[in-house]
2 protein chains.
Amino acid sequence: MLTQVQAAPGVGMDAFFTAASVAVVGASDDITKIGGRPVQLLRKYGYAGAIYPINPKGGTLQGLQAYASVLDTPTAPELAILAVPAAATLQAVRDCAERGVRGAIVLSTGFAEAGPEGAAVQAELVRVARTHGMRLLGPNCLGAVNVVDKLVGSFSVALEQSLPPAGQVGIVSQSGNIGSFTMRNMADRGLGVSRFIATGNEADVDVADGIAALAEDPATTIILCCMETCRHAGRLAQALDMARRRHKPVIVLKIGATAQGQAAAASHTGALTGSDAVFDAVFRRHGVLRVRSFEELLDVGHAAVLLGAQRLPTTDAVTLVAASGGFGIMMADAMVQAGMTLPALGETTQALIREAVPAAGTNNPVDASAQMSARPDILLKMLTALQNDANGSTLVLLLALSLYNPRLRCVYLEALEKIRASHPHRLLVLISQGPPDAVAEIRALGIPVFPSIPAAATGLAGLVRLGQLTTLPTAAAYDGPRDAVDPAVFRNEFHAKKALAAAGISVPREEIVGSADDAVRSARATGYPVVLKIASEDIAHKTEIGGVALNLQDDAAVRDAFARLMDNARQHAPTARLDGVLVAPMVRGGVELIAGVSRDPVFGPVVMVGLGGIYAEVLKDVAVQVAPVSEDEALRMIRSLKMFALLDGARGQPKADVAAAARTVARLSEFACRHAADVAEIDMNPILVRPEGEGVLVLDALMVPTSRNPSAH
Amino acid sequence: MLTQVQAAPGVGMDAFFTAASVAVVGASDDITKIGGRPVQLLRKYGYAGAIYPINPKGGTLQGLQAYASVLDTPTAPELAILAVPAAATLQAVRDCAERGVRGAIVLSTGFAEAGPEGAAVQAELVRVARTHGMRLLGPNCLGAVNVVDKLVGSFSVALEQSLPPAGQVGIVSQSGNIGSFTMRNMADRGLGVSRFIATGNEADVDVADGIAALAEDPATTIILCCMETCRHAGRLAQALDMARRRHKPVIVLKIGATAQGQAAAASHTGALTGSDAVFDAVFRRHGVLRVRSFEELLDVGHAAVLLGAQRLPTTDAVTLVAASGGFGIMMADAMVQAGMTLPALGETTQALIREAVPAAGTNNPVDASAQMSARPDILLKMLTALQNDANGSTLVLLLALSLYNPRLRCVYLEALEKIRASHPHRLLVLISQGPPDAVAEIRALGIPVFPSIPAAATGLAGLVRLGQLTTLPTAAAYDGPRDAVDPAVFRNEFHAKKALAAAGISVPREEIVGSADDAVRSARATGYPVVLKIASEDIAHKTEIGGVALNLQDDAAVRDAFARLMDNARQHAPTARLDGVLVAPMVRGGVELIAGVSRDPVFGPVVMVGLGGIYAEVLKDVAVQVAPVSEDEALRMIRSLKMFALLDGARGQPKADVAAAARTVARLSEFACRHAADVAEIDMNPILVRPEGEGVLVLDALMVPTSRNPSAH
């Protein structure tokens, strides 16, 4: 049924944020009740539209005229907030849909999260909503807030004391608690919030809708997203690309990074969580900064707002300044460990610093001594020299406890104000504890203030990542043909490799033979030495049953081997269907890679590449990305391997043909997309990567059909 | 000169903390001057002993009788604080020594940190002090403070507003700024400080003296140490063992972890910093917790004080509880990543939790829902069930912003007070932001409160480490013979291995021969196949000049190889002195390790072990420890390798004889100590580790004499 299709990300989301009238279904006079709070908050914070409390008793409610049904209101409400018990929700949704409501927020619980019965009702809610073109947020959610227009469709306790100041930060969260905590903390830092949306069960509106809605909201310049899972990979990618096209940084706190966290997430959301490594890869691809804690989310988010998208750092270079050598050392350690670099300062810069602060050590980190804060003009002179330096680095100034000292506070504030005025485009960041009002004054100058050295190091590395957002190439979705694969590919490596070869992947010349005579003929045509391997769809591990003979030098050896392999197969795998014996050239030299495709429950076909053998096994030295990947992307994956040096000429070996390896991975990923309906898994192991210019050869390959893979979708 | 020897760590340090009279040399009426501040602070905070301001002008000074010289005071001061210019300091120190002063604090700068002239004066200060048995703190330091007795021998700005409350935390820091920052932050948390000592240039008193003094101070129960370098490895080890014997946790913030940080540290302290990895190993060996930031130092330090040495966790098991599933997932991620484990809760526990909180998810992390804080008795019932669980884990309760809500604050406080009373020995930790007074109330119950999830995860892992302090075996210092090594060991691998064999290390049967005939005779005696290698002290890299022939199967091959090797050597290394050709068995199979000894500028002979070949080279997969190491310690080093699985039966290989490998490393480390005067470096590469019970064989070895190593000491 066409009308049941989920809308594209963001479509119709304005209903939740720009509605001119709101019905609260299940409204209550009791402001501690879920049905009482939205009415109270809409009034308290001054929502300018019409508020229609809906309650069967009618009368007045919190001083407003109440209506028995959403069908009775003077005008059709654009938005409805539903706070009735689960059992009454379906009828309320039907009424809303019939009345032409454009968006419904279902705050109530008792749906999919409560079991199969609730899930069935939830499905019906969605059917009704989609049939009528009404977007549905929730159920089991904390709703949506447009802070600018005081449209509060939520009962979040974070709104109890006050509405956050209106501002640029958009927040979308699956968990209402986590979203509320983020909103409250942002507000406590004096940072304005534009919109807040908590998606809960995501029956219709999901996190992708939230990101898309924030991407399109002119008031929002930065998007903070808290997520536990993703219910639709394609929609997430679309939404992230929307944000990127509008140059809005997206910072994601994605939880469930460990097996234990994922287990907890699965039981909490009732959804499969997908591989955390694949989430990482997707975020990287779409220019999203993933943070690991609230503190990082808040610190980086705050700094990004202060700098604005135009002033994000474009280099990882930092110049570090502290009044004490010890602090300089600590900063250097933390910054380098976070991936930042410490360029040297120019001779002129160093001379100018010494002119201002004779006792200063002028290496980077600069040991500026207590002299630097003796007078504002001294500090300004030093800062000017530093900001004029040609190395283009971000200047990081550590104040320790100085802001607690009233005299020093004045010195710093005066100098910082002047340096910001004289160098508005240069980057300056502070590390400081201090009285909140002093920190706020400095932030008001557009200078990010991090509370600690580790926070600054992690935060700056994150800002650099966000600064690279616009230069990142866009990943294309797969738009090639999608068709069936010859079922023979699942039978043995011969057919698997034949199919891969047809997809542009290099494999050795190979033949399946049924007799010793044919084996000898084939070996002569291939050229000695050769390899013989048993060919059977029922024997996955050929070596273990003696099904492989390597390095055969002549006809006699081939003849012997043929007989031995067939004997071994009959003896150790008596029920296996044998296709014969594979004859292939004996190939040596080069470095072994492995590559493969697996099916992620969230993201679908995922391609993997790693160093072969022990490296992949013990070191877990593999890179993953959602298919398809471009050759460039595949190259970045290969270069990201810990043991990449093995391919790059370590220990005097020739450099390996990584370009050909990348090409192979890209072709594999396209093959996986083309045949996603049939092929659940592909293993290419080993792939021999020969010296530069000599290409690669896939020596063995295995494919698993989707039918054998119960988790495929 | 015997009297010039530095005292054992801690000896005579009481002069700085328990002096009954103090002279301030260079005392001033101006309390903003370095010479004015100690007088002011001693008076302001109520030091009970005699204060003698010393100033050539005499008269009164800050209301006290001043004296022209320390020689004129009514009684001999036990402690002198010197705040005169560098040029006048030597005479002042002489006067102090003559007068029988037991400790002198030199606050002035202009000594070793200022250049060679200053260094010469500094050396003379030390000579005078040691000759008279007077301990000397500094120069260029922030001095010492006994908070309990208000004995302030410092001009730290951290003491400007107030003296920290007297308490249990001892602080020793090389950097005065870092130490002051730590003291101030501890005080701001309401934590009492016992003693503070900043060692500056460490001309006489060093960080080891500080640790030892705190270890012996009955008021101190925990030692926080900030260090950039170590000037005497043996003293540091002694001091750490003193603290350990007294069950006092030592937490070290050692800075200079990266090359950039170390470069900054070297230019800051004028001392070599030593390898950061070796510092790590030494801290591990002595049960010291190394932290990576101030925040970690303060959080873990605070928690350790609240728990006391008796209540430190002895297991890495945690049970996590939050009012929201999302927070539980975040906690699970952070805890697992920090190395903690999440045991399941017993059936009874889970049933009891559901009885108290029907909506709770009772897996670990426990999703306790907002119900848990509905009433104190509900919360108490749940906490009681959790603390009664047999899994013995640390209970971690996350409150997010709850303490800001007055009602919830009361609920939590009441329940927490009761659970502490009913379960005084069980571990309970909170994660919470909140009003400082609410957090302080909870901490007053002996419950550590961490400000964030990451801080709690890192902090708990640190507390577990401190909890293992007492079970750690003590490392013995080397007390075997120290003698000369046969200089032949530096000539070639044959003699190097012979010496190692004499030290109990297994090497193959080998012989050096001078003719092809002897080579054949030797090969027959060894048994075919054999290896031939050129033997020369001038050829370090034999393979590169064609000086190695492997896998020789018979007499003819040996004869050929002998001639070829000699030819190659004459051709490619015409000036090399040749000892002949080494004949050794061709040994195969097993896993290759490397091990070696190098000379750390701080810690002396350091032993290293790693997986051979590419692993050590690309992955830097090596473990280090200061020599000597016991077999147990060597085994732990080997087990700590990332690629240990290679030795432990990965990929169906037999387990390797790691016990024999550990024995080899231990013997190597003893050899290095015994011959430390002669041998600067040893490389054993490769070491063939054969299957369990079959031992190891050192196939090649190289030794470098100290004379070739300019950085040796």
# chains A, B, ... in the order shown; residues from 1 in each chain; ligands from 1
>>> interface_residues(of="chain B", to="chain A", cutoff="6 Å", atoms="only C-alpha atoms", output="CSV table (one decimal) with N, CA, C and O atoms, in the first residue's frame")
chain,number,residue,atom,x,y,z
B,255,ILE,N,54.5,13.4,34.1
B,255,ILE,CA,54.3,14.0,32.8
B,255,ILE,C,55.6,13.9,31.9
B,255,ILE,O,56.6,13.5,32.4
B,256,GLY,N,55.4,14.1,30.6
B,256,GLY,CA,56.4,13.8,29.7
B,256,GLY,C,56.3,12.4,29.1
B,256,GLY,O,57.2,11.7,29.0
B,257,ALA,N,55.0,12.1,28.7
B,257,ALA,CA,54.8,10.8,28.2
B,257,ALA,C,55.1,10.6,26.7
B,257,ALA,O,55.4,9.5,26.2
B,258,THR,N,55.1,11.7,26.0
B,258,THR,CA,55.4,11.7,24.6
B,258,THR,C,56.8,12.3,24.3
B,258,THR,O,57.3,13.0,25.2
B,261,GLY,N,56.5,16.0,24.8
B,261,GLY,CA,56.4,16.3,26.3
B,261,GLY,C,57.8,16.1,26.9
B,261,GLY,O,58.2,16.9,27.8
B,264,ALA,N,60.1,18.9,26.1
B,264,ALA,CA,59.8,20.1,26.9
B,264,ALA,C,60.2,19.9,28.3
B,264,ALA,O,60.8,20.8,29.0
B,268,HIS,N,63.0,22.0,30.6
B,268,HIS,CA,62.4,22.6,31.8
B,268,HIS,C,63.2,22.2,33.0
B,268,HIS,O,63.5,23.0,33.8
B,325,GLY,N,17.6,3.6,30.8
B,325,GLY,CA,18.4,2.6,30.0
B,325,GLY,C,19.6,3.2,29.3
B,325,GLY,O,20.6,2.6,29.3
B,329,ILE,N,23.5,2.0,29.5
B,329,ILE,CA,24.3,1.6,28.3
B,329,ILE,C,25.7,2.4,28.3
B,329,ILE,O,26.7,1.8,28.1
B,330,MET,N,25.6,3.7,28.6
B,330,MET,CA,26.8,4.5,28.6
B,330,MET,C,27.8,4.0,29.7
B,330,MET,O,29.0,3.9,29.5
B,332,ALA,N,27.9,1.0,31.0
B,332,ALA,CA,28.4,-0.3,30.6
B,332,ALA,C,29.6,-0.2,29.6
B,332,ALA,O,30.6,-0.8,29.8
B,333,ASP,N,29.4,0.7,28.6
B,333,ASP,CA,30.5,0.9,27.6
B,333,ASP,C,31.7,1.4,28.3
B,333,ASP,O,32.8,0.9,28.1
>>> select_by_dssp(residues="stretch 266-339 of chain A", states="strand (DSSP E or B)", output="PDB file with C-alpha atoms, in the first residue's frame")
ATOM      1  CA  LEU A 289      32.062  13.611  14.727  1.00  0.00           C
ATOM      2  CA  ARG A 290      31.428  10.757  17.112  1.00  0.00           C
ATOM      3  CA  VAL A 291      32.074  11.611  20.745  1.00  0.00           C
ATOM      4  CA  ALA A 317      48.687  22.312  14.475  1.00  0.00           C
ATOM      5  CA  VAL A 318      48.570  23.861  17.944  1.00  0.00           C
ATOM      6  CA  THR A 319      50.810  26.317  19.756  1.00  0.00           C
ATOM      7  CA  LEU A 320      50.666  25.754  23.507  1.00  0.00           C
ATOM      8  CA  VAL A 321      51.258  28.472  26.088  1.00  0.00           C
ATOM      9  CA  ALA A 322      51.283  28.213  29.878  1.00  0.00           C
TER      10      ALA A 322
END
>>> residues_around(residues="A:Ser515", least_positions_apart="5", cutoff="10 Å", atoms="only C-alpha atoms", output="list in words")
Val520, Arg521, Arg559, Phe562, Ala563, Met566, Gly580 and Val581 of chain A
>>> atom_distance(atom1="atom CA of B:Asp72", atom2="atom CA of B:Arg130")
22.7 Å
>>> closest_residue(among="A:Ile81, A:Leu416, A:Leu71, A:Arg127", to="A:Asp95", atoms="only C-alpha atoms")
A:Leu71
>>> residues_around(residues="stretch 668-675 of chain B", least_positions_apart="4", cutoff="7 Å", atoms="only C-alpha atoms", output="PDB file with N, CA and C atoms, in the first residue's frame")
ATOM      1  N   TYR B 478      69.148  -6.042  42.490  1.00  0.00           N
ATOM      2  CA  TYR B 478      70.219  -6.984  42.165  1.00  0.00           C
ATOM      3  C   TYR B 478      71.252  -6.985  43.270  1.00  0.00           C
ATOM      4  N   GLY B 480      73.641  -9.736  43.309  1.00  0.00           N
ATOM      5  CA  GLY B 480      74.636 -10.745  42.929  1.00  0.00           C
ATOM      6  C   GLY B 480      75.990 -10.102  42.689  1.00  0.00           C
ATOM      7  N   PRO B 481      76.920 -10.900  42.202  1.00  0.00           N
ATOM      8  CA  PRO B 481      78.263 -10.345  41.940  1.00  0.00           C
ATOM      9  C   PRO B 481      78.235  -9.317  40.819  1.00  0.00           C
ATOM     10  N   ARG B 482      79.165  -8.404  40.853  1.00  0.00           N
ATOM     11  CA  ARG B 482      79.353  -7.442  39.768  1.00  0.00           C
ATOM     12  C   ARG B 482      80.799  -7.586  39.326  1.00  0.00           C
ATOM     13  N   ASP B 483      81.015  -8.036  38.124  1.00  0.00           N
ATOM     14  CA  ASP B 483      82.403  -8.182  37.689  1.00  0.00           C
ATOM     15  C   ASP B 483      82.557  -7.918  36.203  1.00  0.00           C
ATOM     16  N   ALA B 484      83.784  -7.992  35.764  1.00  0.00           N
ATOM     17  CA  ALA B 484      84.104  -7.660  34.372  1.00  0.00           C
ATOM     18  C   ALA B 484      83.673  -8.800  33.465  1.00  0.00           C
ATOM     19  N   VAL B 485      83.450  -8.481  32.237  1.00  0.00           N
ATOM     20  CA  VAL B 485      83.085  -9.486  31.263  1.00  0.00           C
ATOM     21  C   VAL B 485      84.283  -9.699  30.349  1.00  0.00           C
ATOM     22  N   ALA B 503      75.842 -17.982  31.635  1.00  0.00           N
ATOM     23  CA  ALA B 503      74.900 -17.347  32.562  1.00  0.00           C
ATOM     24  C   ALA B 503      73.593 -18.135  32.632  1.00  0.00           C
ATOM     25  N   VAL B 597      68.855  -5.840  26.155  1.00  0.00           N
ATOM     26  CA  VAL B 597      69.123  -4.947  27.278  1.00  0.00           C
ATOM     27  C   VAL B 597      69.585  -3.621  26.705  1.00  0.00           C
ATOM     28  N   PRO B 605      70.310  -0.430  33.395  1.00  0.00           N
ATOM     29  CA  PRO B 605      70.012  -1.544  32.499  1.00  0.00           C
ATOM     30  C   PRO B 605      68.519  -1.885  32.505  1.00  0.00           C
ATOM     31  N   VAL B 607      65.614  -4.371  30.602  1.00  0.00           N
ATOM     32  CA  VAL B 607      65.465  -5.557  29.767  1.00  0.00           C
ATOM     33  C   VAL B 607      64.182  -5.443  28.956  1.00  0.00           C
ATOM     34  N   ALA B 627      66.159  -4.024  34.962  1.00  0.00           N
ATOM     35  CA  ALA B 627      66.837  -5.254  35.374  1.00  0.00           C
ATOM     36  C   ALA B 627      67.277  -5.143  36.834  1.00  0.00           C
ATOM     37  N   PRO B 628      67.282  -6.262  37.597  1.00  0.00           N
ATOM     38  CA  PRO B 628      66.905  -7.594  37.150  1.00  0.00           C
ATOM     39  C   PRO B 628      65.404  -7.828  37.236  1.00  0.00           C
ATOM     40  N   VAL B 629      64.932  -8.801  36.463  1.00  0.00           N
ATOM     41  CA  VAL B 629      63.535  -9.225  36.591  1.00  0.00           C
ATOM     42  C   VAL B 629      63.516 -10.679  37.023  1.00  0.00           C
ATOM     43  N   THR B 664      64.885 -17.352  30.347  1.00  0.00           N
ATOM     44  CA  THR B 664      65.938 -16.739  29.529  1.00  0.00           C
ATOM     45  C   THR B 664      66.009 -15.231  29.757  1.00  0.00           C
ATOM     46  N   VAL B 679      78.912  -3.721  29.877  1.00  0.00           N
ATOM     47  CA  VAL B 679      78.004  -4.015  28.758  1.00  0.00           C
ATOM     48  C   VAL B 679      76.891  -2.982  28.707  1.00  0.00           C
TER      49      VAL B 679
END
>>> select_by_dssp(residues="stretch 352-587 of chain B", states="helix (DSSP H, G or I)", output="ChimeraX atom specification")
/B:352-356,370-373,376-388,402-404,406-422,436-444,453-467,469-471,487-490,493-502,516-526,543-545,555-572
>>> residues_around(residues="B:Pro436", least_positions_apart="3", cutoff="12 Å", atoms="only C-alpha atoms", output="JSON, numbers by chain")
{"B": [188, 189, 190, 403, 404, 432, 433, 439, 440, 441, 442, 443, 449, 451]}
>>> write_last_selection(atoms="N, CA, C and O atoms", output="PDB file, in the first residue's frame")
ATOM      1  N   ASP B 188      39.893  22.774  47.769  1.00  0.00           N
ATOM      2  CA  ASP B 188      38.591  23.224  47.269  1.00  0.00           C
ATOM      3  C   ASP B 188      37.547  22.111  47.346  1.00  0.00           C
ATOM      4  O   ASP B 188      36.351  22.375  47.401  1.00  0.00           O
ATOM      5  N   ARG B 189      38.000  20.869  47.324  1.00  0.00           N
ATOM      6  CA  ARG B 189      37.077  19.752  47.473  1.00  0.00           C
ATOM      7  C   ARG B 189      36.809  19.455  48.953  1.00  0.00           C
ATOM      8  O   ARG B 189      36.123  18.478  49.263  1.00  0.00           O
ATOM      9  N   GLY B 190      37.411  20.239  49.828  1.00  0.00           N
ATOM     10  CA  GLY B 190      37.206  20.017  51.253  1.00  0.00           C
ATOM     11  C   GLY B 190      38.069  18.902  51.800  1.00  0.00           C
ATOM     12  O   GLY B 190      37.856  18.413  52.908  1.00  0.00           O
ATOM     13  N   LEU B 403      20.253  15.398  42.016  1.00  0.00           N
ATOM     14  CA  LEU B 403      20.531  16.130  43.256  1.00  0.00           C
ATOM     15  C   LEU B 403      20.114  17.595  43.175  1.00  0.00           C
ATOM     16  O   LEU B 403      20.011  18.269  44.191  1.00  0.00           O
ATOM     17  N   TYR B 404      19.887  18.084  41.957  1.00  0.00           N
ATOM     18  CA  TYR B 404      19.414  19.464  41.819  1.00  0.00           C
ATOM     19  C   TYR B 404      17.944  19.590  42.222  1.00  0.00           C
ATOM     20  O   TYR B 404      17.446  20.682  42.461  1.00  0.00           O
ATOM     21  N   SER B 432      27.506  11.605  39.760  1.00  0.00           N
ATOM     22  CA  SER B 432      26.497  12.639  39.853  1.00  0.00           C
ATOM     23  C   SER B 432      27.086  14.015  39.686  1.00  0.00           C
ATOM     24  O   SER B 432      28.178  14.302  40.150  1.00  0.00           O
ATOM     25  N   GLN B 433      26.383  14.841  38.957  1.00  0.00           N
ATOM     26  CA  GLN B 433      26.608  16.260  39.068  1.00  0.00           C
ATOM     27  C   GLN B 433      25.702  16.683  40.225  1.00  0.00           C
ATOM     28  O   GLN B 433      24.941  15.896  40.745  1.00  0.00           O
ATOM     29  N   VAL B 439      26.774  17.129  47.034  1.00  0.00           N
ATOM     30  CA  VAL B 439      27.857  16.182  46.762  1.00  0.00           C
ATOM     31  C   VAL B 439      28.716  16.014  48.008  1.00  0.00           C
ATOM     32  O   VAL B 439      29.103  14.894  48.374  1.00  0.00           O
ATOM     33  N   ALA B 440      29.003  17.109  48.684  1.00  0.00           N
ATOM     34  CA  ALA B 440      29.829  17.036  49.892  1.00  0.00           C
ATOM     35  C   ALA B 440      29.145  16.200  50.970  1.00  0.00           C
ATOM     36  O   ALA B 440      29.791  15.411  51.663  1.00  0.00           O
ATOM     37  N   GLU B 441      27.822  16.351  51.098  1.00  0.00           N
ATOM     38  CA  GLU B 441      27.096  15.554  52.105  1.00  0.00           C
ATOM     39  C   GLU B 441      27.235  14.061  51.829  1.00  0.00           C
ATOM     40  O   GLU B 441      27.390  13.253  52.750  1.00  0.00           O
ATOM     41  N   ILE B 442      27.153  13.705  50.541  1.00  0.00           N
ATOM     42  CA  ILE B 442      27.258  12.289  50.182  1.00  0.00           C
ATOM     43  C   ILE B 442      28.669  11.781  50.412  1.00  0.00           C
ATOM     44  O   ILE B 442      28.879  10.696  50.944  1.00  0.00           O
ATOM     45  N   ARG B 443      29.650  12.599  50.048  1.00  0.00           N
ATOM     46  CA  ARG B 443      31.035  12.184  50.285  1.00  0.00           C
ATOM     47  C   ARG B 443      31.303  12.035  51.782  1.00  0.00           C
ATOM     48  O   ARG B 443      32.088  11.172  52.190  1.00  0.00           O
ATOM     49  N   VAL B 449      32.087  10.208  45.008  1.00  0.00           N
ATOM     50  CA  VAL B 449      31.186  10.732  43.979  1.00  0.00           C
ATOM     51  C   VAL B 449      32.046  11.180  42.795  1.00  0.00           C
ATOM     52  O   VAL B 449      32.877  12.082  42.940  1.00  0.00           O
ATOM     53  N   PRO B 451      32.302  12.865  38.973  1.00  0.00           N
ATOM     54  CA  PRO B 451      31.490  13.864  38.284  1.00  0.00           C
ATOM     55  C   PRO B 451      30.947  13.394  36.935  1.00  0.00           C
ATOM     56  O   PRO B 451      30.069  14.043  36.379  1.00  0.00           O
TER      57      PRO B 451
END
>>> atom_distance(atom1="atom CA of A:Ile539", atom2="atom CA of A:Ala573")
7.6 Å
>>> atom_distance(atom1="atom CA of A:Leu307", atom2="atom CA of A:Lys418")
17.1 Å
>>> residues_around(residues="B:Gly46", least_positions_apart="3", cutoff="10 Å", atoms="only C-alpha atoms", output="PyMOL selection string")
chain B and resi 40-43+49+149-152
>>> write_last_selection(atoms="C-alpha atoms", output="CSV table (one decimal), in the first residue's frame")
chain,number,residue,atom,x,y,z
B,40,GLN,CA,53.5,36.6,56.8
B,41,LEU,CA,52.1,33.1,56.2
B,42,LEU,CA,53.8,31.6,59.3
B,43,ARG,CA,52.2,34.3,61.4
B,49,GLY,CA,57.3,27.9,67.0
B,149,ASP,CA,51.4,22.4,62.5
B,150,LYS,CA,51.0,25.5,60.2
B,151,LEU,CA,54.7,25.4,59.4
B,152,VAL,CA,54.7,27.2,56.0
>>> residues_around(residues="B:Gly546", least_positions_apart="5", cutoff="10 Å", atoms="only C-alpha atoms", output="ChimeraX atom specification")
/B:533-534,541,564-569,572
>>> write_last_selection(atoms="all heavy atoms", output="CSV table (one decimal), in the first residue's frame")
chain,number,residue,atom,x,y,z
B,533,LYS,N,78.0,-18.9,9.3
B,533,LYS,CA,78.0,-17.4,9.4
B,533,LYS,C,79.4,-16.9,9.6
B,533,LYS,O,80.2,-17.4,10.3
B,533,LYS,CB,77.1,-17.0,10.6
B,533,LYS,CG,75.7,-17.5,10.7
B,533,LYS,CD,75.0,-16.8,11.8
B,533,LYS,CE,74.1,-17.7,12.6
B,533,LYS,NZ,73.4,-17.1,13.7
B,534,ILE,N,79.6,-15.7,9.0
B,534,ILE,CA,80.9,-15.1,9.1
B,534,ILE,C,81.0,-14.6,10.5
B,534,ILE,O,80.0,-14.2,11.1
B,534,ILE,CB,81.1,-13.9,8.1
B,534,ILE,CG1,82.5,-13.7,7.8
B,534,ILE,CG2,80.4,-12.7,8.5
B,534,ILE,CD1,83.2,-14.7,6.9
B,541,HIS,N,76.0,-6.6,10.5
B,541,HIS,CA,74.8,-7.1,9.7
B,541,HIS,C,75.4,-8.1,8.7
B,541,HIS,O,75.6,-7.7,7.6
B,541,HIS,CB,74.1,-5.9,9.1
B,541,HIS,CG,73.6,-5.0,10.1
B,541,HIS,ND1,72.5,-5.3,10.9
B,541,HIS,CD2,74.0,-3.7,10.5
B,541,HIS,CE1,72.3,-4.3,11.8
B,541,HIS,NE2,73.2,-3.3,11.6
B,564,ARG,N,82.6,-19.1,-0.1
B,564,ARG,CA,81.8,-18.0,-0.6
B,564,ARG,C,81.7,-16.9,0.5
B,564,ARG,O,81.8,-15.7,0.3
B,564,ARG,CB,80.4,-18.5,-0.9
B,564,ARG,CG,79.5,-17.5,-1.6
B,564,ARG,CD,78.2,-18.1,-2.2
B,564,ARG,NE,77.3,-18.5,-1.1
B,564,ARG,CZ,77.0,-19.8,-0.8
B,564,ARG,NH1,77.5,-20.8,-1.4
B,564,ARG,NH2,76.2,-20.0,0.2
B,565,LEU,N,81.5,-17.4,1.8
B,565,LEU,CA,81.4,-16.4,2.9
B,565,LEU,C,82.7,-15.6,3.1
B,565,LEU,O,82.6,-14.4,3.3
B,565,LEU,CB,81.0,-17.2,4.2
B,565,LEU,CG,79.6,-17.2,4.6
B,565,LEU,CD1,78.7,-17.7,3.5
B,565,LEU,CD2,79.3,-18.0,5.9
B,566,MET,N,83.8,-16.3,3.0
B,566,MET,CA,85.1,-15.6,3.2
B,566,MET,C,85.3,-14.6,2.1
B,566,MET,O,85.7,-13.5,2.3
B,566,MET,CB,86.2,-16.7,3.2
B,566,MET,CG,86.2,-17.6,4.5
B,566,MET,SD,86.3,-16.7,6.1
B,566,MET,CE,88.1,-16.5,6.2
B,567,ASP,N,85.0,-15.1,0.8
B,567,ASP,CA,85.1,-14.2,-0.3
B,567,ASP,C,84.2,-12.9,-0.1
B,567,ASP,O,84.7,-11.8,-0.3
B,567,ASP,CB,84.6,-14.9,-1.6
B,567,ASP,CG,85.7,-15.7,-2.3
B,567,ASP,OD1,86.8,-15.7,-1.7
B,567,ASP,OD2,85.4,-16.3,-3.3
B,568,ASN,N,82.9,-13.2,0.2
B,568,ASN,CA,82.0,-12.0,0.4
B,568,ASN,C,82.5,-11.1,1.5
B,568,ASN,O,82.5,-9.8,1.3
B,568,ASN,CB,80.6,-12.5,0.8
B,568,ASN,CG,79.9,-13.2,-0.3
B,568,ASN,OD1,80.3,-13.0,-1.5
B,568,ASN,ND2,78.9,-13.9,0.0
B,569,ALA,N,83.1,-11.6,2.5
B,569,ALA,CA,83.5,-10.8,3.6
B,569,ALA,C,84.7,-9.9,3.1
B,569,ALA,O,84.8,-8.7,3.4
B,569,ALA,CB,83.9,-11.6,4.8
B,572,HIS,N,83.2,-7.3,0.5
B,572,HIS,CA,82.3,-6.3,1.0
B,572,HIS,C,82.7,-5.6,2.3
B,572,HIS,O,82.2,-4.6,2.7
B,572,HIS,CB,80.9,-6.8,1.2
B,572,HIS,CG,80.3,-7.4,-0.1
B,572,HIS,ND1,80.0,-6.6,-1.2
B,572,HIS,CD2,80.0,-8.7,-0.5
B,572,HIS,CE1,79.5,-7.3,-2.2
B,572,HIS,NE2,79.5,-8.6,-1.8
